[in-house]
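Single-structure report; data block below.
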Amino acid sequence: MNSIDDVMQALQAQNYIAERGLAMAIYLSLALKKPLFLEGEAGVGKTEIAKTLCAILDTDLIRLQCYEGLDVNTAVYEWNYTRQMLQIRLLEAQGAASGEALREIFAPEFLIKRPLLQAIEGSRDKAPVLLIDELDRADEEFEAFLLELLSDWQITVPEIGTLKATHPPVVVLTSNRTREIHDALKRRCIYYWIDYPSLDKELRIVRARVPAAEERLARQIVAFVQELRRVELYKVPGVAETIDWAAALTALSARDLSADTVDDTLGVILKYQDDVQKVQGALVRELVAKAAAVP
């Protein structure tokens with residue numbers, strides 16, 4: 001892709017509707033070989049960017065889902081202790097010296113490669129897309145570990161040495177901003193904030209992702225969700241929920257929003273009972289009326 005317009009067209013061909021600002025960030029990330037760091041509320045399409053890039057670039061997607069307590073054994077590598085023990089017993093039976101046995105059991109074939117090491121392994125003939133998802137869930141110590149990878153595209157395994165990527169991965173990091181990510185990591189990335197979409201953009205997303213949805217129904221769904229985001233909720237529905245709702249109502253052969261249908265399907269877009277109780281009934285009727293009035 002040689003221009004921002006190329007990026008926009010490629011995204012659209014994969015049914016990802018993006019603003020020019022996001023296309024610019026992706027273009028610069030690819031051109032400068034820098035990680036793309038995306039922040040925004042849950043469900044606005046951050047993770048989907050990595051999957052879409054994977055399809056555009058026709059390459060592998062390697063995903064690391066972050067969580068509290070994520071450690072090197074899970075993210076980078078660990079030794080296959082069972083195979084090592086079997087090898088030690090074999091070498092002992094063959095009368096090998098202990099020093100030779102130790103060298104053999106810390107060879108690459110005893111290494112279990114986790115996502116970060118898989119992303120830089122030298123046997124690849126093209127760069128994969130590495131998705132480090134919800135980085136804000138991981139501990140700050142894990143961020144520090146990422147600095148070497150994101151700067152030099154290499155990982156150091158003490159028993160083997162430093163492993164460097166032949167084809168540095170296309171890296172997408174996401175954060176729901178439950179905590180701040182350290183500046184040292186942000187400096188290595190191209191940053192972009194993905195906000196909730198406008199009505200027009202969200203309607204184009206629904207048309208692209210759920211083409212079977214009736215035009216009138218799609219417009220009412222988007223208008224309803226846009227109004228719902230103005231309500232004080234514990235968890236505001238994202239674009240992913242809008243798409244799921246459009247698919248669900250289409251599966252139910254709905255042609256228009258009705259208060260009864262919305263009440264029955266609120267669980268598709270709201271994930272907390274307190275939010276459901278707050279919205280169902282009078283507020284649903286009010287929002288359905290507003291959605292029906294949108295031209």
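Lettering and numbering for the structure tokens are positional, with chains as A, B, ... in the shown order, residues counted from 1 in each chain, and ligands counted from 1 in the shown order.
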Would you mind listing what lies within 9 Å of segment 102-110 of chain A as an MDAnalysis selection string, with only C-alpha atoms counted and same-chain residues fewer than 6 positions away left out?
-> chainID A and resid 78:81 83:85 87:88 159:160
What parts of segment 16-178 of chain A does DSSP call strand (DSSP E or B)? I'd like the answer as a short mmCIF file (atom, residue, chain, number, x, y, z; two decimals) with C-alpha atoms, in the first residue's frame.
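The resulting result.cif:
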data_model
loop_
_atom_site.label_atom_id
_atom_site.label_comp_id
_atom_site.auth_asym_id
_atom_site.auth_seq_id
_atom_site.Cartn_x
_atom_site.Cartn_y
_atom_site.Cartn_z
CA LEU A 36 0.35 0.86 16.10
CA PHE A 37 -1.04 1.67 19.55
CA LEU A 38 -4.84 1.97 19.62
CA GLU A 39 -6.81 3.23 22.59
CA LEU A 61 -2.20 -13.38 13.02
CA ILE A 62 -0.43 -14.04 16.33
CA ARG A 63 -2.48 -12.87 19.31
CA LEU A 64 -1.39 -12.28 22.86
CA GLN A 65 -4.35 -11.59 25.15
CA TYR A 77 8.77 -18.95 25.98
CA GLU A 78 9.24 -21.77 28.44
CA TRP A 79 11.34 -24.90 28.43
CA LEU A 111 11.97 -24.43 23.66
CA ILE A 112 8.18 -23.93 23.67
CA LYS A 113 7.57 -20.72 21.72
CA VAL A 129 0.63 -9.42 12.44
CA LEU A 130 1.23 -9.49 16.20
CA LEU A 131 -1.78 -8.37 18.25
CA ILE A 132 -1.01 -7.52 21.87
CA ASP A 133 -4.57 -7.09 23.06
CA GLN A 154 14.66 -9.17 19.34
CA ILE A 155 14.25 -11.33 22.43
CA THR A 156 17.02 -12.59 24.67
CA VAL A 157 16.86 -16.16 25.95
CA GLY A 161 21.34 -15.88 23.32
CA THR A 162 19.53 -13.12 21.45
CA LEU A 163 16.99 -14.07 18.80
CA LYS A 164 16.29 -11.36 16.23
CA VAL A 170 3.37 -5.73 12.14
CA VAL A 171 2.44 -4.94 15.76
CA VAL A 172 -0.96 -3.70 16.95
CA LEU A 173 -1.32 -2.91 20.65
CA THR A 174 -4.72 -2.12 22.13
CA SER A 175 -5.79 -0.60 25.44
#
Interatomic distance between atom CA of Ala259 of chain A and atom CA of Arg285 of chain A?
-> 5.3 Å
Counting only C-alpha atoms, which of A:Leu53, A:Ala42, A:Leu30, A:Val231 gets nearest to Gln14 of chain A?
-> A:Leu53
If you count only C-alpha atoms, the residue of A:Leu150, A:Val225, A:Leu283, A:Leu22 closest to Cys189 of chain A turns out to be A:Leu150
Shortest interatomic distance to Ser258 of chain A - which of A:Ala289, A:Ala240, A:Ala223, A:Ala213, counting only C-alpha atoms =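 For Ser258 of chain A, the nearest of the candidates is A:Ala289.
Every protein, DNA or RNA residue with an atom at most 8 Å from segment 9-13 of chain A, where only C-alpha atoms count and chain neighbours fewer than 4 positions away do not, is listed here: Asp5, Ile17, Ala18, Thr52, Leu53 and Ile56 of chain A.
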File of the preceding selection, N, CA and C atoms, as a PDB file, in the first residue's frame:
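Printed below is part15.pdb as written:
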ATOM      1  N   ASP A   5      -4.831   6.649   0.729  1.00  0.00           N
ATOM      2  CA  ASP A   5      -6.019   6.223  -0.015  1.00  0.00           C
ATOM      3  C   ASP A   5      -5.999   4.712  -0.247  1.00  0.00           C
ATOM      4  N   ILE A  17     -14.852   0.074   8.073  1.00  0.00           N
ATOM      5  CA  ILE A  17     -15.093   1.479   7.762  1.00  0.00           C
ATOM      6  C   ILE A  17     -14.249   2.326   8.710  1.00  0.00           C
ATOM      7  N   ALA A  18     -13.334   3.104   8.156  1.00  0.00           N
ATOM      8  CA  ALA A  18     -12.406   3.871   8.996  1.00  0.00           C
ATOM      9  C   ALA A  18     -12.347   5.327   8.568  1.00  0.00           C
ATOM     10  N   THR A  52      -8.131  -7.302  10.426  1.00  0.00           N
ATOM     11  CA  THR A  52      -8.280  -6.763   9.072  1.00  0.00           C
ATOM     12  C   THR A  52      -6.922  -6.625   8.388  1.00  0.00           C
ATOM     13  N   LEU A  53      -5.919  -6.137   9.124  1.00  0.00           N
ATOM     14  CA  LEU A  53      -4.576  -6.030   8.545  1.00  0.00           C
ATOM     15  C   LEU A  53      -4.041  -7.399   8.150  1.00  0.00           C
ATOM     16  N   ILE A  56      -5.609  -8.164   4.895  1.00  0.00           N
ATOM     17  CA  ILE A  56      -5.074  -7.307   3.824  1.00  0.00           C
ATOM     18  C   ILE A  56      -3.672  -7.757   3.420  1.00  0.00           C
TER      19      ILE A  56
END
Residues at most 12 Å from Glu232 of chain A, counting only C-alpha atoms, excluding those fewer than 2 positions away in the same chain, as a list in words?
->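 Final neighbour list, sorted by chain and number: Glu227, Leu228, Arg229, Arg230, Tyr234, Lys235, Val236, Pro237, Asp274, Asp275, Val276, Lys278 and Val279 of chain A.
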Using only C-alpha atoms, please write the residues we just selected to a file, as a PDB file, in the first residue's frame.
ATOM      1  CA  GLU A 227     -29.239   7.639  21.808  1.00  0.00           C
ATOM      2  CA  LEU A 228     -28.562   4.811  24.276  1.00  0.00           C
ATOM      3  CA  ARG A 229     -24.912   5.944  24.549  1.00  0.00           C
ATOM      4  CA  ARG A 230     -26.169   9.236  25.991  1.00  0.00           C
ATOM      5  CA  TYR A 234     -22.309   0.941  33.643  1.00  0.00           C
ATOM      6  CA  LYS A 235     -21.243  -0.370  30.212  1.00  0.00           C
ATOM      7  CA  VAL A 236     -22.150   1.594  27.099  1.00  0.00           C
ATOM      8  CA  PRO A 237     -22.681  -0.628  24.020  1.00  0.00           C
ATOM      9  CA  ASP A 274     -28.648  -2.985  36.297  1.00  0.00           C
ATOM     10  CA  ASP A 275     -28.337  -1.430  32.829  1.00  0.00           C
ATOM     11  CA  VAL A 276     -31.117  -3.648  31.450  1.00  0.00           C
ATOM     12  CA  LYS A 278     -32.668   0.965  33.855  1.00  0.00           C
ATOM     13  CA  VAL A 279     -33.412   0.954  30.129  1.00  0.00           C
TER      14      VAL A 279
END
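Nearest residue to Glu121 of chain A among A:Leu266, A:Ile49, A:Ala165, A:Met1 is A:Ala165, counting only C-alpha atoms.
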Distance criterion (only C-alpha atoms): nearest to Thr166 of chain A out of A:Glu215, A:Asp125, A:Glu140, A:Asp60 =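 Looking only at the distances to Thr166 of chain A, the closest residue turns out to be A:Asp125.
Shortest separation to Arg209 of chain A among A:Arg89, A:Thr242, A:Ala119, A:His182 occurs at residue A:Thr242, atoms counted being only C-alpha atoms.
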Leaving out Ala208 of chain A and any residue of its chain fewer than 4 positions from it, which residues lie within 8 Å of it when counting only C-alpha atoms, given as an mmCIF file with all heavy atoms, in the first residue's frame?
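Dumped to result-v9.cif:
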data_model
loop_
_atom_site.group_PDB
_atom_site.id
_atom_site.type_symbol
_atom_site.label_atom_id
_atom_site.label_comp_id
_atom_site.auth_asym_id
_atom_site.auth_seq_id
_atom_site.Cartn_x
_atom_site.Cartn_y
_atom_site.Cartn_z
ATOM 1 N N ASN A 15 -14.458 -4.619 4.561
ATOM 2 C CA ASN A 15 -15.646 -4.200 5.314
ATOM 3 C C ASN A 15 -15.292 -3.536 6.638
ATOM 4 O O ASN A 15 -16.060 -3.627 7.612
ATOM 5 C CB ASN A 15 -16.590 -5.391 5.583
ATOM 6 C CG ASN A 15 -17.269 -5.854 4.317
ATOM 7 O OD1 ASN A 15 -17.491 -5.052 3.410
ATOM 8 N ND2 ASN A 15 -17.577 -7.128 4.239
ATOM 9 N N TYR A 16 -14.128 -2.893 6.705
ATOM 10 C CA TYR A 16 -13.793 -2.086 7.887
ATOM 11 C C TYR A 16 -13.906 -0.635 7.480
ATOM 12 O O TYR A 16 -13.156 -0.144 6.643
ATOM 13 C CB TYR A 16 -12.378 -2.397 8.386
ATOM 14 C CG TYR A 16 -12.118 -1.788 9.757
ATOM 15 C CD1 TYR A 16 -12.205 -2.557 10.912
ATOM 16 C CD2 TYR A 16 -11.820 -0.429 9.896
ATOM 17 C CE1 TYR A 16 -12.000 -2.004 12.162
ATOM 18 C CE2 TYR A 16 -11.623 0.137 11.141
ATOM 19 C CZ TYR A 16 -11.708 -0.652 12.270
ATOM 20 O OH TYR A 16 -11.516 -0.097 13.517
ATOM 21 N N ARG A 204 -22.935 2.900 8.124
ATOM 22 C CA ARG A 204 -22.144 2.280 7.052
ATOM 23 C C ARG A 204 -21.497 0.976 7.541
ATOM 24 O O ARG A 204 -21.379 0.010 6.792
ATOM 25 C CB ARG A 204 -21.067 3.257 6.566
ATOM 26 C CG ARG A 204 -21.640 4.400 5.711
ATOM 27 C CD ARG A 204 -20.547 5.207 5.052
ATOM 28 N NE ARG A 204 -19.803 5.985 6.023
ATOM 29 C CZ ARG A 204 -18.493 6.172 5.999
ATOM 30 N NH1 ARG A 204 -17.769 5.594 5.061
ATOM 31 N NH2 ARG A 204 -17.889 6.903 6.911
#
Quick one: DSSP alpha helix (DSSP H) residues in segment 23-91 of chain A, as JSON, numbers by chain?
-> {"A": [23, 24, 25, 26, 27, 28, 29, 30, 31, 32, 46, 47, 48, 49, 50, 51, 52, 53, 54, 55, 56, 57, 72, 73, 74, 75, 81, 82, 83, 84, 85, 86, 87, 88, 89, 90, 91]}
Contact residues around Asp71 of chain A with only C-alpha atoms at 10 Å, ignoring same-chain residues under 5 positions, as a list in words =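 Those residues are Cys66, Val76, Tyr77, Ala138, Asp139, Glu141, Phe142 and Phe145 of chain A.
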Would you kindly return, as a list in words, each protein, DNA or RNA residue with an atom no farther than 8 Å from any atom of segment 193-196 of chain A, considering only C-alpha atoms and excluding same-chain residues fewer than 5 positions away?
-> Leu22, Leu38, Glu39, Gly40, Glu41, Val44, Gly45, Lys46, Gly238 and Val239 of chain A
